[in-house]
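Enquirer: File name protein06.cif; file contents mmCIF, C-alpha atoms; full text below.
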```
data_work
#
loop_
_atom_site.group_PDB
_atom_site.id
_atom_site.type_symbol
_atom_site.label_atom_id
_atom_site.label_comp_id
_atom_site.auth_asym_id
_atom_site.auth_seq_id
_atom_site.Cartn_x
_atom_site.Cartn_y
_atom_site.Cartn_z
ATOM 1 C CA GLU A 1 174.011 -57.683 -105.571
ATOM 2 C CA HIS A 2 171.012 -59.953 -105.976
ATOM 3 C CA GLN A 3 169.584 -58.750 -102.659
ATOM 4 C CA THR A 4 169.743 -55.149 -103.865
ATOM 5 C CA ILE A 5 167.940 -56.112 -107.081
ATOM 6 C CA VAL A 6 165.237 -58.055 -105.245
ATOM 7 C CA ARG A 7 164.601 -55.230 -102.789
ATOM 8 C CA ARG A 8 164.360 -52.672 -105.603
ATOM 9 C CA VAL A 9 161.923 -54.732 -107.678
ATOM 10 C CA VAL A 10 159.757 -55.556 -104.654
ATOM 11 C CA GLU A 11 159.517 -51.860 -103.791
ATOM 12 C CA GLU A 12 158.658 -50.995 -107.419
ATOM 13 C CA HIS A 13 155.716 -53.430 -107.195
ATOM 14 C CA GLY A 14 154.364 -51.992 -103.951
ATOM 15 C CA GLY A 15 155.574 -54.814 -101.727
ATOM 16 C CA TYR A 16 157.996 -55.089 -98.886
ATOM 17 C CA VAL A 17 160.597 -57.498 -97.607
ATOM 18 C CA VAL A 18 159.354 -59.050 -94.362
ATOM 19 C CA LYS A 19 162.674 -60.750 -93.639
ATOM 20 C CA VAL A 20 165.765 -62.268 -95.197
ATOM 21 C CA GLN A 21 167.030 -65.681 -94.139
ATOM 22 C CA GLY A 22 170.378 -66.518 -95.687
ATOM 23 C CA ASP A 23 169.839 -65.874 -99.388
ATOM 24 C CA GLY A 24 166.052 -66.327 -99.145
ATOM 25 C CA PHE A 25 163.408 -63.646 -98.798
ATOM 26 C CA MET A 26 159.928 -63.528 -97.328
ATOM 27 C CA ILE A 27 158.074 -60.895 -99.302
ATOM 28 C CA ALA A 28 154.543 -59.529 -98.908
ATOM 29 C CA LEU A 29 152.591 -57.833 -101.685
ATOM 30 C CA PRO A 30 149.090 -56.347 -101.765
ATOM 31 C CA SER A 31 147.631 -58.804 -104.291
ATOM 32 C CA ALA A 32 148.296 -62.175 -105.885
ATOM 33 C CA ARG A 33 148.475 -60.629 -109.349
ATOM 34 C CA ARG A 34 150.995 -58.043 -108.225
ATOM 35 C CA ALA A 35 153.016 -60.820 -106.538
ATOM 36 C CA ALA A 36 153.136 -62.791 -109.792
ATOM 37 C CA GLN A 37 154.180 -59.701 -111.741
ATOM 38 C CA CYS A 38 156.857 -58.977 -109.127
ATOM 39 C CA ALA A 39 158.213 -62.533 -109.189
ATOM 40 C CA LEU A 40 158.587 -62.444 -112.967
ATOM 41 C CA ALA A 41 160.193 -58.987 -112.786
ATOM 42 C CA ILE A 42 162.675 -60.226 -110.177
ATOM 43 C CA HIS A 43 163.758 -63.046 -112.482
ATOM 44 C CA ALA A 44 164.060 -60.666 -115.442
ATOM 45 C CA ALA A 45 166.069 -58.094 -113.477
ATOM 46 C CA VAL A 46 168.455 -60.661 -111.992
ATOM 47 C CA GLU A 47 169.024 -62.151 -115.448
ATOM 48 C CA ALA A 48 169.541 -58.728 -117.046
ATOM 49 C CA GLU A 49 171.876 -57.406 -114.366
ATOM 50 C CA LEU A 50 173.716 -60.544 -113.246
ATOM 51 C CA GLY A 51 173.220 -63.005 -116.110
ATOM 52 C CA GLY A 52 176.700 -62.383 -117.453
ATOM 53 C CA HIS A 53 178.427 -62.497 -114.072
ATOM 54 C CA PRO A 54 181.794 -64.310 -114.281
ATOM 55 C CA ASP A 55 180.829 -66.633 -111.402
ATOM 56 C CA GLY A 56 177.856 -67.860 -113.409
ATOM 57 C CA PRO A 57 174.196 -66.931 -113.552
ATOM 58 C CA ILE A 58 172.006 -66.783 -110.470
ATOM 59 C CA ARG A 59 168.871 -68.891 -110.811
ATOM 60 C CA LEU A 60 166.294 -67.977 -108.195
ATOM 61 C CA ARG A 61 163.485 -70.277 -107.064
ATOM 62 C CA ILE A 62 160.271 -68.477 -106.145
ATOM 63 C CA GLY A 63 157.145 -69.925 -104.556
ATOM 64 C CA MET A 64 153.890 -68.028 -104.067
ATOM 65 C CA HIS A 65 150.747 -68.548 -102.059
ATOM 66 C CA SER A 66 147.999 -66.201 -100.946
ATOM 67 C CA GLY A 67 146.042 -66.360 -97.725
ATOM 68 C CA GLU A 68 145.630 -65.081 -94.213
ATOM 69 C CA ALA A 69 148.775 -65.029 -92.118
ATOM 70 C CA LEU A 70 149.365 -64.365 -88.477
ATOM 71 C CA ARG A 71 151.482 -61.292 -87.787
ATOM 72 C CA ASP A 72 153.611 -60.665 -84.747
ATOM 73 C CA ASP A 73 156.220 -57.961 -84.294
ATOM 74 C CA GLY A 74 156.702 -57.413 -88.036
ATOM 75 C CA ASP A 75 156.933 -61.120 -88.911
ATOM 76 C CA PHE A 76 154.377 -63.418 -90.513
ATOM 77 C CA TYR A 77 153.759 -67.028 -89.599
ATOM 78 C CA GLY A 78 151.135 -69.744 -89.838
ATOM 79 C CA ARG A 79 149.988 -72.424 -92.247
ATOM 80 C CA ASN A 80 149.849 -70.143 -95.312
ATOM 81 C CA VAL A 81 153.390 -68.906 -94.724
ATOM 82 C CA ALA A 82 154.605 -72.496 -94.371
ATOM 83 C CA LEU A 83 152.784 -73.403 -97.576
ATOM 84 C CA ALA A 84 154.514 -70.605 -99.510
ATOM 85 C CA ALA A 85 157.896 -71.771 -98.224
ATOM 86 C CA ARG A 86 157.181 -75.391 -99.223
ATOM 87 C CA ILE A 87 156.094 -74.243 -102.698
ATOM 88 C CA ALA A 88 159.381 -72.346 -103.090
ATOM 89 C CA GLY A 89 161.177 -75.558 -102.155
ATOM 90 C CA GLU A 90 159.453 -77.340 -105.049
ATOM 91 C CA ALA A 91 160.527 -74.735 -107.626
ATOM 92 C CA ALA A 92 163.387 -75.549 -109.955
ATOM 93 C CA PRO A 93 166.191 -73.013 -110.406
ATOM 94 C CA GLY A 94 164.851 -70.145 -112.499
ATOM 95 C CA GLU A 95 161.229 -71.133 -111.870
ATOM 96 C CA VAL A 96 158.272 -69.351 -110.292
ATOM 97 C CA LEU A 97 155.633 -71.681 -108.828
ATOM 98 C CA ALA A 98 152.217 -70.654 -107.558
ATOM 99 C CA SER A 99 149.438 -72.337 -105.649
ATOM 100 C CA ALA A 100 145.982 -72.860 -107.131
ATOM 101 C CA ILE A 101 144.622 -69.937 -105.117
ATOM 102 C CA VAL A 102 147.213 -67.579 -106.640
ATOM 103 C CA LYS A 103 146.198 -68.843 -110.085
ATOM 104 C CA GLN A 104 142.524 -68.184 -109.327
ATOM 105 C CA LEU A 105 143.186 -64.691 -108.015
ATOM 106 C CA ALA A 106 145.747 -63.541 -110.597
ATOM 107 C CA ASP A 107 144.553 -65.233 -113.786
ATOM 108 C CA ALA A 108 141.987 -62.598 -114.786
ATOM 109 C CA GLY A 109 144.454 -59.932 -115.953
ATOM 110 C CA GLY A 110 145.590 -61.858 -119.029
ATOM 111 C CA ASP A 111 149.228 -60.819 -118.601
ATOM 112 C CA ILE A 112 150.287 -63.843 -116.566
ATOM 113 C CA ALA A 113 150.165 -67.482 -117.649
ATOM 114 C CA PHE A 114 149.827 -70.454 -115.307
ATOM 115 C CA GLN A 115 151.104 -73.630 -116.929
ATOM 116 C CA ASP A 116 152.179 -77.205 -116.320
ATOM 117 C CA GLU A 117 149.913 -78.081 -113.409
ATOM 118 C CA ARG A 118 151.513 -80.603 -111.105
ATOM 119 C CA VAL A 119 150.130 -82.082 -107.938
ATOM 120 C CA VAL A 120 152.711 -82.510 -105.198
ATOM 121 C CA GLU A 121 152.710 -83.710 -101.615
ATOM 122 C CA LEU A 122 153.994 -80.922 -99.386
ATOM 123 C CA LYS A 123 155.393 -82.136 -96.085
ATOM 124 C CA GLY A 124 152.809 -81.751 -93.353
ATOM 125 C CA LEU A 125 150.400 -79.882 -95.662
ATOM 126 C CA GLY A 126 148.971 -82.556 -97.975
ATOM 127 C CA GLU A 127 148.582 -82.522 -101.744
ATOM 128 C CA HIS A 128 148.521 -79.233 -103.625
ATOM 129 C CA ALA A 129 148.256 -78.275 -107.292
ATOM 130 C CA LEU A 130 151.112 -76.009 -108.340
ATOM 131 C CA TYR A 131 151.551 -74.019 -111.546
ATOM 132 C CA ARG A 132 154.598 -72.628 -113.342
ATOM 133 C CA VAL A 133 154.151 -68.864 -113.715
ATOM 134 C CA THR A 134 155.233 -67.134 -116.928
ATOM 135 C CA SER A 135 154.443 -63.957 -118.768
ATOM 136 C CA ALA A 136 151.513 -64.316 -121.180
ATOM 137 C CA ARG A 137 153.093 -61.751 -123.509
#
```
Do you think you could lay out the structure here as structure tokens?
Expert:
Amino acid sequence: EHQTIVRRVVEEHGGYVVKVQGDGFMIALPSARRAAQCALAIHAAVEAELGGHPDGPIRLRIGMHSGEALRDDGDFYGRNVALAARIAGEAAPGEVLASAIVKQLADAGGDIAFQDERVVELKGLGEHALYRVTSAR
């Protein structure tokens, strides 16, 4: 059920699912701001539709980064893709985390807040500032 919700919300935000690995998704969107809006909408939709599920709530962890990626046969790879995956690994259940570049690109709209800066060491990628993403409304 959560996969259906994620796919629907991604499509509504003009993105697409690149691939699914287990219960994780690689998603591409046309802008950092739209990606942040989509991530928050995914959390809201999963909570609204599955929050009362008898097996307990689903708490997704979402990590976001923006940058050039290499593309081959419908898949993306490269340093920026690895960075996004590592950021997702740092997110707590129910949390959306973004890189500093996502904050810089998406901050201007005023509808998204970037809070609680934390600097973390990401395996093989050095130190990076990460921000918890929330709605500014």
Enquirer: List the residues matched by the PyMOL selection byres ((chain A and resi 75) around 12) in the displayed structure as an MDAnalysis selection string, ordered by chain and then by residue number.
Expert: chainID A and resid 16:20 26:28 69:74 76:78 81
Enquirer: List as a Markdown table every residue of stretch 5-109 of chain A that is in contact with stretch 115-135 of chain A, defined as an atom at most 12 Å from one of its atoms (using all atoms listed in the file), together with the nearest atom pair and the distance in Å rounded to one decimal, sorted by chain and then rising number.
Expert:
```
| residue | atom | partner | partner_atom | distance |
| --- | --- | --- | --- | --- |
| A:Ala32 | CA | A:Val133 | CA | 11.8 |
| A:Arg33 | CA | A:Val133 | CA | 10.9 |
| A:Ala35 | CA | A:Val133 | CA | 10.8 |
| A:Ala36 | CA | A:Val133 | CA | 7.3 |
| A:Gln37 | CA | A:Ser135 | CA | 8.2 |
| A:Cys38 | CA | A:Ser135 | CA | 11.1 |
| A:Ala39 | CA | A:Val133 | CA | 8.8 |
| A:Leu40 | CA | A:Thr134 | CA | 7.0 |
| A:Ala41 | CA | A:Ser135 | CA | 9.7 |
| A:His43 | CA | A:Thr134 | CA | 10.4 |
| A:Ala44 | CA | A:Ser135 | CA | 10.7 |
| A:Arg61 | CA | A:Arg132 | CA | 11.1 |
| A:Ile62 | CA | A:Val133 | CA | 9.7 |
| A:Gly63 | CA | A:Leu130 | CA | 9.4 |
| A:Met64 | CA | A:Leu130 | CA | 9.5 |
| A:His65 | CA | A:Leu130 | CA | 9.8 |
| A:Gly78 | CA | A:Leu125 | CA | 11.7 |
| A:Arg79 | CA | A:Leu125 | CA | 8.2 |
| A:Asn80 | CA | A:Leu125 | CA | 9.8 |
| A:Val81 | CA | A:Leu125 | CA | 11.4 |
| A:Ala82 | CA | A:Leu125 | CA | 8.6 |
| A:Leu83 | CA | A:Leu125 | CA | 7.2 |
| A:Ala84 | CA | A:Leu122 | CA | 10.3 |
| A:Ala85 | CA | A:Leu122 | CA | 10.0 |
| A:Arg86 | CA | A:Leu122 | CA | 6.4 |
| A:Ile87 | CA | A:Leu130 | CA | 7.7 |
| A:Ala88 | CA | A:Leu130 | CA | 10.5 |
| A:Gly89 | CA | A:Leu122 | CA | 9.4 |
| A:Glu90 | CA | A:Val120 | CA | 8.5 |
| A:Ala91 | CA | A:Arg132 | CA | 8.5 |
| A:Ala92 | CA | A:Arg132 | CA | 9.9 |
| A:Pro93 | CA | A:Arg132 | CA | 12.0 |
| A:Gly94 | CA | A:Arg132 | CA | 10.6 |
| A:Glu95 | CA | A:Arg132 | CA | 7.0 |
| A:Val96 | CA | A:Val133 | CA | 5.4 |
| A:Leu97 | CA | A:Arg132 | CA | 4.7 |
| A:Ala98 | CA | A:Tyr131 | CA | 5.3 |
| A:Ser99 | CA | A:Leu130 | CA | 4.9 |
| A:Ala100 | CA | A:Ala129 | CA | 5.9 |
| A:Ile101 | CA | A:Ala129 | CA | 9.4 |
| A:Val102 | CA | A:Tyr131 | CA | 9.2 |
| A:Lys103 | CA | A:Tyr131 | CA | 7.6 |
| A:Gln104 | CA | A:Tyr131 | CA | 11.0 |
| A:Ala106 | CA | A:Val133 | CA | 10.4 |
| A:Asp107 | CA | A:Val133 | CA | 10.3 |
| A:Gly109 | CA | A:Ser135 | CA | 11.1 |
```
Enquirer: Nearest residue to A:Val10 out of A:Ala45, A:Leu29, A:Leu105, A:Ala136, using all atoms listed in the file?
Expert: A:Leu29
Enquirer: Tell me, as a list in words, which residues lie within 12 Å of A:Leu50, counting all atoms listed in the file; anything in the same chain fewer than 3 positions away does not count.
Expert: Glu1, His2, Gln3, Thr4, Ile5, Val6, Ile42, His43, Ala44, Ala45, Val46, Glu47, His53, Pro54, Asp55, Gly56, Pro57, Ile58, Arg59 and Leu60 of chain A
Enquirer: Hey, can you check how far atom CA of A:Phe114 sits from atom CA of A:Arg8?
Expert: 24.9 Å
Enquirer: Atom CA of A:Glu68 and atom CA of A:Ser31, how far apart in Å?
Expert: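 Value for the atom CA of A:Ser31-atom CA of A:Glu68 distance: 12.0 Å.
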Enquirer: Take atom CA of A:Gln21 and atom CA of A:Gly52 and report the distance between them in Å, one decimal.
Expert: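 Calculated distance between atom CA of A:Gln21 and atom CA of A:Gly52 is 25.5 Å.
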Enquirer: With only C-alpha atoms as the atoms that count, which of A:Gly22, A:Glu11, A:Arg34, A:Ser66 lies nearest to A:Asp111?
Expert: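 Of the candidates, the smallest distance to A:Asp111 is held by A:Arg34.
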